[in-house]
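> I am attaching a structure below and will ask some questions about it afterwards.
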Amino acid sequence: MRCHPTGSIDFHTWTFRSWQDYTAENISWTETGVTGCLQVSDRNVVLVAQHATLIDTLTVQETLQFAASLKLPQVTRNERYHAIEAVSKQLGISDVLNTRAGRLSGGERKRLTIACELLTNPSILLLDEPTSGLDSVSSMSVAQALKSVARSGRLVACVIHQPSSQLFTSADDVILLANGRTLYSGAIEDIPELLKRSGLVCPQYYNMADYLLEIASGEHSANLALLEKEAITYANEMKKITDREIQEKTVKDNSTEAEALLDSNIVVVDGYNANFSQQMCALLHRGYIGALRDVHLTQIRLVCHLIVALLLGALYNGAGEEASRMISNTGCLFFFLLFLYFSNAMPTIHTFPVESTVVLQEHLNKWYYLSTYCATKIIIDLPIQLLCATVFVLPAWYLTSQPLEAHRIGLAWIICVLITILAQTFGLVVGAACGVKLGLFVIPAANIPMLMFSEFFIPYHEMPSYLQPFASISYFRYAFDALMQTAYGFGRSVLPCHAVFCLFKRPEKYLDYLGLSKDFRTDIIAIVIWIIILKISLMCVLKYKVYKACR
């Protein structure tokens, strides 16, 4: 086993290597105008991002089971169990298998992220700053876990910021980079001798990693040309060894590690281990567990819907059956829509940006298709949306004395369900596109025009002709029109008047006064079209984030 760290002006890359045989594939990237290619194994190469992308509501065991169901779909349940057990022991997380990911320490979260990728026994493991944000003890625990992985016959490459002396010397080789130049490439024990030949001496008890970064940043005057020449010589020697091994056919089915890094014969493998149905099952299982345990998005939201319904019933008690309170009841019904919309759109702003980061990372690592995730997201959210709308509309409708005919209650329930689905989907789109901070501003700002043209504040016929088209795209207008028809339309009889004078006793006359279109079918179709547009927009946003991440 060999360990290989790489440093540059602002970072070190450590590579824990085992001298295994590999074939190669070509990966290209562009970063700030610099292009190049990296040749690595096509067998199984995985990338672990800098930030631990985990669903906090799942336990360690459930997280690994989800990863195993997608990465090892063809093996039996017992084989997955043994794979999970082996990986958890190797990375030192077997003691926290029943702990939720949100309660893990930073080092444990990082090791869990690594464990998920190790289930497929990858040939090469690439990690971006696995010790970032960790204290020295947690950093060493992660480094020791990675060395254990390397000893098992894998290549592990890491980018690490400002490694400590202990962390630095735990590796075998180092590559020093500066401004696109390779200043050193070789074993750690050879560094002092080469630096001495270049007129550089690392002070006693000084961190060699810090000293190398100072050299790369130009703080010490030295013969950098000699360093660069030695690095080129090292690379050429590796190339010659590789060419000789290939010519002599000393390798078997696979090339050596050097060939994997230098050979130009590329084989590209692109695919998912699990098929569509397997991905659906795994995502649905994880999604339902997460939804049931989500305190803010599910539990508190349901309680809030019930409490607001009771308060609304106390405030507008009897408003729906009195002719003298038609105007007050109109405000009550409009509040139905306002509450359902914002109580379902706003919570997703806090939760979905984190989830979308997890989804993006898992998709890029070929766990599942984005289309599969979007389909399961719709299926998982639907029962919660139905439950929220039901918990709110039934008690609120009854307590505010709205008409209790079965068909009216059913139509009101459909409208409330649709506005709930629309609101949560809008929140998902904004959360994925804008993040938390900007999303908290975008949702209210984007819906102010929708509310202005809802016909609650001003009738359609009183709007300036050049602004009337905006009313045609307001989903609040369609929802309000449909809900008012449900309460006062469809031939409702004359309402009793217990006041001295009632301006409106006939509900149909009141609807005419408001200038509503009274086309229930068109209203429902318009809301459904909005929902479809938002679902497609969510898919497009996620696709764009994948495209942006791959640039």
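Letters A, B, ... mark the chains of the structure tokens in the order given; residue numbers begin at 1 per chain; ligand numbers begin at 1, in order shown.
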Fewer than 6 positions away in the same chain doesn't count, so skip those; otherwise give me all residues within 8 Å of segment 64-72 of chain A, counting only C-alpha atoms, as a list of chain:residue names.
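Listed by chain and then number, they are A:Arg80, A:Tyr81, A:Ile84, A:Ala115, A:Cys116, A:Glu117, A:Leu119, A:Thr120, A:Asn273, A:Ala274, A:Gln278, A:Gln279, A:Ala282, A:Leu283, A:Arg286, A:Trp367, A:Tyr368.
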> At a cut-off of 9 Å, using only C-alpha atoms, what residues contact segment 516-521 of chain A? Leave out same-chain residues fewer than 4 positions from it and give the result as a ChimeraX atom specification.
/A:455,459-460,478,481-486,489,511-512,525-526
> Provide the atom CA of Tyr205 of chain A to atom CA of Pro163 of chain A distance in Å, to one decimal place.
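Separation between atom CA of Tyr205 of chain A and atom CA of Pro163 of chain A: 15.0 Å.
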> Could you please write out, as a PyMOL selection string, every residue of segment 145-372 of chain A that DSSP assigns to strand (DSSP E)?
chain A and resi 155-160+173-178+181-187
> Could you dump the residues just selected with N, CA, C and O atoms as a CSV table (one decimal), in the first residue's frame?

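Result written to part-v6.csv:
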```
chain,number,residue,atom,x,y,z
A,155,LEU,N,-7.3,2.6,-4.5
A,155,LEU,CA,-6.6,3.9,-4.6
A,155,LEU,C,-7.5,5.0,-4.1
A,155,LEU,O,-8.7,5.1,-4.5
A,156,VAL,N,-7.0,5.8,-3.1
A,156,VAL,CA,-7.8,6.9,-2.5
A,156,VAL,C,-7.1,8.2,-2.7
A,156,VAL,O,-5.9,8.3,-2.3
A,157,ALA,N,-7.7,9.1,-3.4
A,157,ALA,CA,-7.1,10.4,-3.6
A,157,ALA,C,-7.9,11.5,-2.9
A,157,ALA,O,-9.2,11.5,-3.0
A,158,CYS,N,-7.3,12.4,-2.2
A,158,CYS,CA,-7.9,13.4,-1.4
A,158,CYS,C,-7.3,14.7,-1.6
A,158,CYS,O,-6.2,14.9,-1.8
A,159,VAL,N,-8.2,15.7,-1.5
A,159,VAL,CA,-7.8,17.1,-1.4
A,159,VAL,C,-8.0,17.6,0.0
A,159,VAL,O,-9.1,17.5,0.6
A,160,ILE,N,-6.9,18.1,0.7
A,160,ILE,CA,-6.9,18.4,2.1
A,160,ILE,C,-6.3,19.8,2.3
A,160,ILE,O,-5.2,20.1,1.8
A,173,ASP,N,3.6,9.7,-0.7
A,173,ASP,CA,4.1,10.5,-1.8
A,173,ASP,C,3.4,11.9,-1.8
A,173,ASP,O,2.3,12.0,-1.2
A,174,VAL,N,4.0,12.8,-2.4
A,174,VAL,CA,3.4,14.2,-2.5
A,174,VAL,C,3.7,14.8,-3.9
A,174,VAL,O,4.7,14.5,-4.5
A,175,ILE,N,2.7,15.5,-4.4
A,175,ILE,CA,2.9,16.3,-5.6
A,175,ILE,C,2.7,17.8,-5.2
A,175,ILE,O,1.6,18.1,-4.7
A,176,LEU,N,3.6,18.6,-5.6
A,176,LEU,CA,3.5,20.0,-5.2
A,176,LEU,C,3.2,20.8,-6.5
A,176,LEU,O,4.0,20.7,-7.5
A,177,LEU,N,2.2,21.6,-6.6
A,177,LEU,CA,1.8,22.3,-7.8
A,177,LEU,C,1.8,23.8,-7.5
A,177,LEU,O,1.4,24.2,-6.4
A,178,ALA,N,2.1,24.6,-8.5
A,178,ALA,CA,2.1,26.0,-8.4
A,178,ALA,C,2.0,26.6,-9.7
A,178,ALA,O,2.8,26.4,-10.6
A,181,ARG,N,2.4,24.4,-12.7
A,181,ARG,CA,3.7,23.8,-12.8
A,181,ARG,C,3.8,22.7,-11.7
A,181,ARG,O,3.3,22.9,-10.5
A,182,THR,N,4.4,21.6,-12.0
A,182,THR,CA,4.6,20.6,-11.0
A,182,THR,C,6.0,20.8,-10.4
A,182,THR,O,7.0,20.6,-11.1
A,183,LEU,N,6.1,21.2,-9.1
A,183,LEU,CA,7.4,21.5,-8.5
A,183,LEU,C,8.0,20.2,-7.8
A,183,LEU,O,9.2,20.2,-7.6
A,184,TYR,N,7.1,19.3,-7.5
A,184,TYR,CA,7.7,18.1,-6.8
A,184,TYR,C,6.7,17.0,-7.0
A,184,TYR,O,5.5,17.2,-7.0
A,185,SER,N,7.2,15.8,-7.3
A,185,SER,CA,6.4,14.6,-7.4
A,185,SER,C,7.2,13.4,-6.9
A,185,SER,O,8.2,13.0,-7.6
A,186,GLY,N,6.9,12.8,-5.8
A,186,GLY,CA,7.6,11.6,-5.3
A,186,GLY,C,7.3,11.3,-3.9
A,186,GLY,O,6.3,11.8,-3.3
A,187,ALA,N,8.2,10.6,-3.3
A,187,ALA,CA,8.0,10.1,-1.9
A,187,ALA,C,8.3,11.3,-0.9
A,187,ALA,O,9.1,12.2,-1.2
```
> Which residues are near segment 103-105 of chain A? Cut-off 12 Å, only C-alpha atoms, ignore same chain within fewer than 2 positions. Put them as a count of residues only.
31
> I'd like to know which of A:Gly313, A:Ile114, A:Ile443, A:Ile414 is closest to Gln50 of chain A, using only C-alpha atoms.
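Checking each of A:Gly313, A:Ile114, A:Ile443, A:Ile414 against Gln50 of chain A, counting only C-alpha atoms, the winner is A:Ile114.
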> How many Å lie between atom CA of Thr169 of chain A and atom CA of Arg154 of chain A, rounded to one decimal?
19.5 Å
